[in-house]
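S.K.: Take a look at the following structure, please.
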Amino acid sequence: MSIHSFPFPFSKEEYAYSNNSSLLDPPWMITVTDDYKKEIMLKRKLLQQNHDRCFRSLPISLESQWEVLRLVLHQLAEAYPSHFSLSQNGKEFKFQNHLLEEEVQFVFRDNASIDLEPLDIVGRHVQEDLILMGDRSDGLFLEAGQLCFPSNWSLTFVLGMEFKSIHYPVPGIKDSGFIEKVERFISRIGPNTAWERKNWSITISEKLDTPLETYADWGRLRKEVTHENAGEMVHLRVEVQRLYRLPINHDILFSIHTYLLSLEELVQHEQWLKMFYENIRTLSSDIADYKGISQYKDEVIHFLEKTMDDKEKMIR
Amino acid sequence: MGLRQYSLINDPFQEKSEFTIAVKNVGTKEGGSAFLHHHVHTGDVIEASGPENFFPVRTEARHHLLLAAGIGITPFLSMMAFLKGMNQPFELHYSGSSEHECAFYSTIKENYPDESTFYFMKREQKERELKKVLEDQPVGTHIYICGPSSFMDTYLSYCKNLGYPDENLHSERFRPAKITQKPYPFSVTEKNTGKTVQVQSNQSLLEALREEGIPVPYACRMGVCGTCEVNVCNGEVIHHDTFLTEDERKEKMLTCVSRGKGHLSVRV
Ligand code: FES
């Protein structure tokens with residue numbers, strides 16, 4: 001990850017959980033970075049090895065999946081015309097991915113014209129994980145998803161769940177009515193409109209795929225962090241999350257683009273180092289637990305303080 | 001002519017980039033309909049905002065029942081095309097004063113012969129028949145009602161009495177366009193800090209409070225996310241948001257868009 005394109009999530013020197021959403025113009029759900037090929041290959045490998053873990057859908061989501069397929073291909077071609085193109089002849093579509101030298105053809109809303117479900121197809125051409133939330137008369141429900149790079153959650157577990165229930169594990173948000181507000185906000189997003197927010201956590205090692213199902217493999221690394229290896233092992237993980245209202249089916253597309261930056265790289269940016277340090281230092285213990293940071297928080301603080309000290313000395 | 005809102009009547013699945021609306025000429029001189037009928041010509045440019053959807057089809061329904069009166073038919077034209085395209089079962093009950101007065105009569109008859117029933121009869125008889133229809137629906141039916149408000153009120157309350165859950169009842173009220181008045185300055189006392197702040201006419205309450213060092217969190221600054229809410233202790237509020245419920249408005253306001261009249265006191 002190049003430090004120049006990393007979406008640094010903090011703007012304040014203190015941690016607060018909030019709905020820090022901003023309106024996106026143009027309302028594009030995707031971003032192509034330098035890591036495109038590498039991440040797409042990893043995604044496809046995961047999908048091949050563990051399809052059930054990485055893709056799930058309910059039958060009711062199919063129409064919206066079609067809408068997402070067309071929308072995302074359209075946006076790719078619009079945002080990156082030298083990398084992708086999309087042509088249409090009546091209901092027949094042809095998508096060309098010039099980066100991968102691939103072509104996808106389909107007849108819109110004709111299930112016989114495709115081998116995989118529409119969301120499963122389009123997800124293989126973007127770095128984002130794609131989640132479909134059905135906007136039902138009694139709430140928002142997770143109805144389909146292609147999720148290869150989850151931060152400690154499981155698609156199998158949340159499929160069909162209501163938005164509120166999915167988020168109750170976040171400490172302190174149940175009683176404040178916060179999650180109901182976010183749900184209301186989402187349910188009022190207008191057609192063709194997109195909102196973005198950034199969410200952060202920490203991953204030990206440079207690993208994008210950290211599903212709950214393989215916790216045993218990556219979770220134990222948390223115990224191995226010392227102030228000496230923290231710079232290399234500890235990564236700030238930022239999810240750029242976007243929400244979009246599908247105009248035809250009125251459901252919500254949720255895209256998650258995950259970025260990782262090692263602390264070693266992060267601390268080169270003076271301002272980021274300070275803000276990150278203050279945010280970690282002021283993190284309440286329940287949020288630290290929720291984000292899985294408690295185990296090595298002291299080691300990280302030690303590393304950051306030492307780095308700041310060293311920098312000071314150099315200036316003097 | 002000011003702001004007006006009209007239903008799109010297109011088939012959502014048509015692959016054309018155009019929007020179609022239908023406007024009945026109701027004859028009043030200053031009305032939007034008269035303006036569109038008499039003063040707008042092919043080739044004129046009209047400024048329009050993007051589409052909104054306050055009356056969505058609920059695809060989780062087992063069956064859809066559409067109840068229209070008069071020009072209330074318009075939103076159902078695109079809904080029916082959508083439902084037909086999705087292969088979902090629906091029925092339309094459309095009442096008007098006469099066949100001649102009934103907009104889109106022949107189009108509907110032609111495209112949805114098995115799904116549509118028309119009512120050109122006296123009110124009492126129409127009510128009797130429609131009520132029978134409503135009584136006799138499978139579990140999981142969603143009802144959509146659009147027409148004059150007396151029509152909507154009658155059938156909404158009838159459906160409620162029959163025991164339809166609120167989530168299954170949908171009605172499109174033509175929302176009055178928001179009147180944007182000239183913002184006036186006002187003053188605010190924040191109870192926790194005891195500070196009194198002047199809010200200029202070119203400034204939001206949110207900005208004024210933050211400039212004074214009173215930290216109100218915010219996100220959208222458009223009155224749609226609810227982040228910047230404060231409690232109102234005293235004074236009159238002019239609400240400009242689209243987020244708070246009527247109940248919440250009694251004690252809360254969103255500082256990014258809503259304003260006070262004269263003097264307000266709030267608690268952050
Ligand atoms: S900041 Fe979103 S409602 Fe005020």
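If you're wondering about the labels, chains in the structure tokens are A, B, ... by order shown, residues count from 1 in each chain, ligands from 1 in order shown.
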Show me, as a count of residues only, every residue of chain B with an atom at most 9 Å from chain A, counting only C-alpha atoms.

M.R.: 28

S.K.: Using only C-alpha atoms, which residues sit within 6 Å of region 147-150 of chain A once same-chain residues fewer than 5 positions away are excluded, as a list in words?

M.R.: Cys54, Asp129, Leu208, Asp209, Thr210 and Pro211 of chain A

S.K.: Only N, CA and C atoms, please: the residues just picked out, written as a PDB file, in the first residue's frame.

M.R.:
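Saved result, out-v5.pdb, follows:
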```
ATOM      1  N   CYS A  54     -17.210 -17.436   1.550  1.00  0.00           N
ATOM      2  CA  CYS A  54     -17.015 -16.126   0.919  1.00  0.00           C
ATOM      3  C   CYS A  54     -18.224 -15.627   0.135  1.00  0.00           C
ATOM      4  N   ASP A 129     -15.308  -5.801  -0.966  1.00  0.00           N
ATOM      5  CA  ASP A 129     -16.315  -6.796  -0.612  1.00  0.00           C
ATOM      6  C   ASP A 129     -17.668  -6.144  -0.844  1.00  0.00           C
ATOM      7  N   LEU A 208      -5.349  -9.622   4.708  1.00  0.00           N
ATOM      8  CA  LEU A 208      -6.661  -9.056   4.419  1.00  0.00           C
ATOM      9  C   LEU A 208      -7.793  -9.995   4.844  1.00  0.00           C
ATOM     10  N   ASP A 209      -7.571 -11.289   4.672  1.00  0.00           N
ATOM     11  CA  ASP A 209      -8.651 -12.238   4.958  1.00  0.00           C
ATOM     12  C   ASP A 209      -8.587 -12.719   6.403  1.00  0.00           C
ATOM     13  N   THR A 210      -9.353 -12.048   7.250  1.00  0.00           N
ATOM     14  CA  THR A 210      -9.389 -12.439   8.653  1.00  0.00           C
ATOM     15  C   THR A 210     -10.825 -12.756   9.075  1.00  0.00           C
ATOM     16  N   PRO A 211     -11.431 -13.804   8.493  1.00  0.00           N
ATOM     17  CA  PRO A 211     -12.792 -14.165   8.879  1.00  0.00           C
ATOM     18  C   PRO A 211     -12.801 -14.853  10.244  1.00  0.00           C
TER      19      PRO A 211
END
```

S.K.: Would you return as a VMD selection string the members of region 38-117 of chain B that DSSP assigns to strand (DSSP E or B) on this structure's backbone?

M.R.: chain B and resid 63 to 69 90 to 95 116 to 117

S.K.: To one decimal in Å, tell me the separation between CA of Glu229 (chain B) and CA of Asp286 (chain A).

M.R.: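 A separation of 25.1 Å between them.
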
S.K.: Record the distance separating CA of Glu129 (chain B) and CA of Pro113 (chain B), expressed in Å with one decimal.

M.R.: 18.9 Å

S.K.: If you run DSSP on the backbone here, which positions in region 72-243 of chain B get alpha helix (DSSP H)? Please write them as a ChimeraX atom specification.

M.R.: /B:74-86,105-111,123-135,149-162,205-211

S.K.: Would you pick out the contacts of Lys94 (chain A) at 10 Å or less, using only C-alpha atoms, so that residues sharing its chain but fewer than 6 positions from it are not included, and give the list as a PDB file with N, CA and C atoms, in the first residue's frame?

M.R.:
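Here's the written file result_35.pdb:
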```pdb
ATOM      1  N   LEU A  73     -20.379  -2.633 -12.854  1.00  0.00           N
ATOM      2  CA  LEU A  73     -19.633  -2.688 -14.125  1.00  0.00           C
ATOM      3  C   LEU A  73     -19.684  -1.326 -14.807  1.00  0.00           C
ATOM      4  N   SER A  85     -14.247  -1.541 -19.957  1.00  0.00           N
ATOM      5  CA  SER A  85     -15.289  -0.980 -20.821  1.00  0.00           C
ATOM      6  C   SER A  85     -16.544  -1.847 -20.783  1.00  0.00           C
ATOM      7  N   LEU A  86     -17.656  -1.200 -21.005  1.00  0.00           N
ATOM      8  CA  LEU A  86     -18.946  -1.893 -20.955  1.00  0.00           C
ATOM      9  C   LEU A  86     -19.749  -1.464 -22.167  1.00  0.00           C
ATOM     10  N   SER A  87     -20.224  -2.439 -22.930  1.00  0.00           N
ATOM     11  CA  SER A  87     -21.077  -2.070 -24.052  1.00  0.00           C
ATOM     12  C   SER A  87     -22.402  -2.814 -23.947  1.00  0.00           C
ATOM     13  N   GLN A  88     -23.413  -2.228 -24.526  1.00  0.00           N
ATOM     14  CA  GLN A  88     -24.760  -2.755 -24.353  1.00  0.00           C
ATOM     15  C   GLN A  88     -25.475  -2.801 -25.694  1.00  0.00           C
ATOM     16  N   GLU A 103     -13.201 -11.053 -20.343  1.00  0.00           N
ATOM     17  CA  GLU A 103     -14.450 -10.524 -20.878  1.00  0.00           C
ATOM     18  C   GLU A 103     -15.617 -11.238 -20.198  1.00  0.00           C
ATOM     19  N   VAL A 104     -16.651 -10.471 -19.862  1.00  0.00           N
ATOM     20  CA  VAL A 104     -17.856 -11.064 -19.262  1.00  0.00           C
ATOM     21  C   VAL A 104     -19.051 -10.675 -20.121  1.00  0.00           C
ATOM     22  N   GLN A 105     -19.870 -11.669 -20.461  1.00  0.00           N
ATOM     23  CA  GLN A 105     -21.078 -11.358 -21.234  1.00  0.00           C
ATOM     24  C   GLN A 105     -22.296 -11.894 -20.510  1.00  0.00           C
ATOM     25  N   PHE A 106     -23.382 -11.149 -20.597  1.00  0.00           N
ATOM     26  CA  PHE A 106     -24.615 -11.635 -19.979  1.00  0.00           C
ATOM     27  C   PHE A 106     -25.819 -10.926 -20.583  1.00  0.00           C
ATOM     28  N   VAL A 107     -26.983 -11.518 -20.385  1.00  0.00           N
ATOM     29  CA  VAL A 107     -28.239 -10.896 -20.780  1.00  0.00           C
ATOM     30  C   VAL A 107     -28.900 -10.437 -19.481  1.00  0.00           C
TER      31      VAL A 107
END
```

S.K.: Near Pro118 (chain A), within 10 Å and counting only C-alpha atoms, which residues show up once chain neighbours fewer than 5 positions away are dropped, as a PyMOL selection string?

M.R.: chain A and resi 62-70+106+108-109+111+123

S.K.: Please report the interatomic distance between CA of Leu134 (chain B) and CA of Ile108 (chain B) in Å with one decimal.

M.R.: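 These two atoms are separated by 21.0 Å.
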
S.K.: Which is closer to Thr255 (chain B) than all the others in B:Val268, B:Met121, B:Cys233, B:Leu205, using only C-alpha atoms?

M.R.: B:Leu205

S.K.: Give the answer as one residue: which of B:Lys122, B:His93, B:His239, B:His63 has the shortest atom-to-atom distance to ligand 1, using only C-alpha atoms and all ligand atoms?

M.R.: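 Residue with the minimum atom-to-atom distance to ligand 1: B:His239.
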
S.K.: Would you kindly return, as a list in words, each protein, DNA or RNA residue with an atom no farther than 10 Å from any atom of Thr33 (chain A), considering only C-alpha atoms and excluding same-chain residues fewer than 3 positions away?

M.R.: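 Answer for this query is Met1, Ser2, Ser5, Phe6, Ile30, Tyr36, Lys37, Glu39, Gln127 and Tyr259 of chain A.
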
S.K.: Quick one: residues within 12 Å of Val225 (chain A), only C-alpha atoms, excluding same-chain residues fewer than 5 positions away - as an mmCIF file with N, CA, C and O atoms, in the first residue's frame?

M.R.:
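Result file part.cif:
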```
data_model
loop_
_atom_site.group_PDB
_atom_site.id
_atom_site.type_symbol
_atom_site.label_atom_id
_atom_site.label_comp_id
_atom_site.auth_asym_id
_atom_site.auth_seq_id
_atom_site.Cartn_x
_atom_site.Cartn_y
_atom_site.Cartn_z
ATOM 1 N N THR A 203 -4.881 -5.121 12.454
ATOM 2 C CA THR A 203 -4.633 -6.511 12.094
ATOM 3 C C THR A 203 -3.158 -6.800 12.317
ATOM 4 O O THR A 203 -2.302 -5.979 11.978
ATOM 5 N N ILE A 204 -2.897 -7.953 12.900
ATOM 6 C CA ILE A 204 -1.506 -8.349 13.087
ATOM 7 C C ILE A 204 -1.086 -9.137 11.854
ATOM 8 O O ILE A 204 -1.760 -10.090 11.474
ATOM 9 N N SER A 205 -0.014 -8.711 11.234
ATOM 10 C CA SER A 205 0.487 -9.210 9.948
ATOM 11 C C SER A 205 -0.317 -8.589 8.818
ATOM 12 O O SER A 205 -1.398 -8.052 9.042
ATOM 13 N N GLY A 219 -5.637 -15.110 14.977
ATOM 14 C CA GLY A 219 -5.856 -14.497 16.282
ATOM 15 C C GLY A 219 -4.670 -14.680 17.223
ATOM 16 O O GLY A 219 -4.330 -13.788 18.002
ATOM 17 N N ARG A 220 -4.010 -15.827 17.101
ATOM 18 C CA ARG A 220 -2.911 -16.106 18.041
ATOM 19 C C ARG A 220 -1.723 -15.161 17.842
ATOM 20 O O ARG A 220 -0.923 -14.964 18.741
ATOM 21 N N ALA A 230 6.523 -4.503 16.764
ATOM 22 C CA ALA A 230 5.217 -3.876 16.497
ATOM 23 C C ALA A 230 5.194 -3.132 15.162
ATOM 24 O O ALA A 230 4.214 -3.220 14.415
ATOM 25 N N GLY A 231 6.262 -2.417 14.848
ATOM 26 C CA GLY A 231 6.302 -1.624 13.623
ATOM 27 C C GLY A 231 6.052 -2.462 12.390
ATOM 28 O O GLY A 231 5.390 -2.046 11.436
ATOM 29 N N GLU A 232 6.564 -3.677 12.437
ATOM 30 C CA GLU A 232 6.479 -4.541 11.279
ATOM 31 C C GLU A 232 5.200 -5.370 11.308
ATOM 32 O O GLU A 232 4.542 -5.562 10.287
ATOM 33 N N MET A 233 4.824 -5.844 12.487
ATOM 34 C CA MET A 233 3.683 -6.771 12.592
ATOM 35 C C MET A 233 2.326 -6.083 12.630
ATOM 36 O O MET A 233 1.353 -6.571 12.072
ATOM 37 N N VAL A 234 2.265 -4.958 13.351
ATOM 38 C CA VAL A 234 0.962 -4.346 13.584
ATOM 39 C C VAL A 234 0.576 -3.469 12.385
ATOM 40 O O VAL A 234 1.366 -2.637 11.937
ATOM 41 N N HIS A 235 -0.620 -3.676 11.886
ATOM 42 C CA HIS A 235 -1.116 -2.895 10.746
ATOM 43 C C HIS A 235 -2.396 -2.171 11.106
ATOM 44 O O HIS A 235 -3.314 -2.753 11.675
ATOM 45 N N ILE A 293 -7.655 -5.140 20.541
ATOM 46 C CA ILE A 293 -6.365 -4.461 20.690
ATOM 47 C C ILE A 293 -5.772 -4.624 22.092
ATOM 48 O O ILE A 293 -4.571 -4.496 22.295
ATOM 49 N N SER A 294 -6.643 -4.948 23.063
ATOM 50 C CA SER A 294 -6.215 -4.941 24.466
ATOM 51 C C SER A 294 -4.925 -5.730 24.720
ATOM 52 O O SER A 294 -4.043 -5.271 25.440
ATOM 53 N N GLN A 295 -4.850 -6.896 24.063
ATOM 54 C CA GLN A 295 -3.716 -7.786 24.328
ATOM 55 C C GLN A 295 -2.357 -7.138 24.087
ATOM 56 O O GLN A 295 -1.382 -7.475 24.743
ATOM 57 N N TYR A 296 -2.293 -6.257 23.111
ATOM 58 C CA TYR A 296 -0.977 -5.711 22.757
ATOM 59 C C TYR A 296 -0.973 -4.178 22.746
ATOM 60 O O TYR A 296 -0.091 -3.552 22.185
ATOM 61 N N LYS A 297 -1.986 -3.599 23.382
ATOM 62 C CA LYS A 297 -2.082 -2.141 23.380
ATOM 63 C C LYS A 297 -0.822 -1.501 23.991
ATOM 64 O O LYS A 297 -0.268 -0.540 23.442
ATOM 65 N N ASP A 298 -0.353 -2.048 25.109
ATOM 66 C CA ASP A 298 0.825 -1.482 25.784
ATOM 67 C C ASP A 298 2.056 -1.534 24.882
ATOM 68 O O ASP A 298 2.829 -0.577 24.825
ATOM 69 N N GLU A 299 2.203 -2.641 24.172
ATOM 70 C CA GLU A 299 3.367 -2.794 23.290
ATOM 71 C C GLU A 299 3.325 -1.743 22.173
ATOM 72 O O GLU A 299 4.345 -1.148 21.826
ATOM 73 N N VAL A 300 2.119 -1.524 21.652
ATOM 74 C CA VAL A 300 1.979 -0.546 20.568
ATOM 75 C C VAL A 300 2.288 0.856 21.083
ATOM 76 O O VAL A 300 3.042 1.619 20.466
ATOM 77 N N ILE A 301 1.745 1.175 22.254
ATOM 78 C CA ILE A 301 2.006 2.501 22.835
ATOM 79 C C ILE A 301 3.500 2.696 23.079
ATOM 80 O O ILE A 301 4.074 3.741 22.742
ATOM 81 N N HIS A 302 4.115 1.674 23.604
ATOM 82 C CA HIS A 302 5.552 1.713 23.847
ATOM 83 C C HIS A 302 6.305 2.022 22.533
ATOM 84 O O HIS A 302 7.140 2.919 22.467
ATOM 85 N N PHE A 303 5.940 1.285 21.507
ATOM 86 C CA PHE A 303 6.596 1.489 20.206
ATOM 87 C C PHE A 303 6.389 2.921 19.698
ATOM 88 O O PHE A 303 7.322 3.577 19.229
#
```

S.K.: I want to know what sits within 12 Å of Thr141 (chain B), based on only C-alpha atoms, with residues of the same chain fewer than 4 positions away left out; could you give that as a list in words?

M.R.: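 The neighbour list is Val57, Arg58, Thr59, Glu60, Ala61, Arg62, His63, His64, Leu65, Leu66, Gln88, Pro89, Phe90, Glu91, Val133, Leu134, Glu135, Asp136, Gln137, Cys159, Gly163, Tyr164, Pro165, Asp166, Glu167, Asn168, Leu169 and His170 of chain B.
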
S.K.: Which residue gives the smallest distance to ligand 1 among B:Gly223, B:Thr245, B:Gly235, B:Asp114, with only C-alpha atoms and all ligand atoms counted?

M.R.: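 Smallest separation from ligand 1 among the options: B:Gly223.
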